[in-house]
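Participant: Dropping a structure here in structure tokens format, bear with me for questions.
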Amino acid sequence: MKKPLFTAVAAATLIAVSAAPAPAVTIRAPLVLAASGRGIAGQYIVTLKPGVSIGATVSKHGIKTMFRYGRVLNGFAAKLTSRKLAKLRRAAGVARIERDAVVHAGATQRNPPSWGGSSPTPSAA
């Protein structure tokens with residue numbers, strides 16, 4: 001007698017668990033931080049997924065952009081509060097958010113090409 005009751009309870013539990021809706025999973029856009037000491041506090045570059053409108057995204061989230069990019073990437077630069085940053089990370093159209101940073105170029109080219117120019121000749125004195 002105990003075996004059929006156990007089987008019925010186990011089956012009912014399995015049906016109830018499989019019929020329950022799955023909890024919603026929020027996927028966040030990756031947040032890339034700048035190298036130590038180089039990041040600009042509160043300033044970010046937001047990359048949107050292909051086809052997502054910059055204008056619609058900033059309007060929906062009440063963001064004032066500093067720059068809008070359209071050739072190299074689909075996105076914008078903006079100053080964001082921690083609340084707006086968190087909200088944007090959960091937005092479906094956001095691919096990635098990176099903290100803006102100060103970058104310096106400072107390299108010396110050892111054997112630069114002549115690019116077809118002639119090198120100076122010493123003057124005969």
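Labels used: A, B, ... for chains in the order of the structure tokens, numbers from 1 for residues in each chain, and numbers from 1 for ligands as shown.
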What's the 10 Å shell around segment 91-108 of chain A, counting only C-alpha atoms, without same-chain residues fewer than 6 positions away, as a PyMOL selection string?

Facilitator: chain A and resi 26-54+57+61+74-79+85
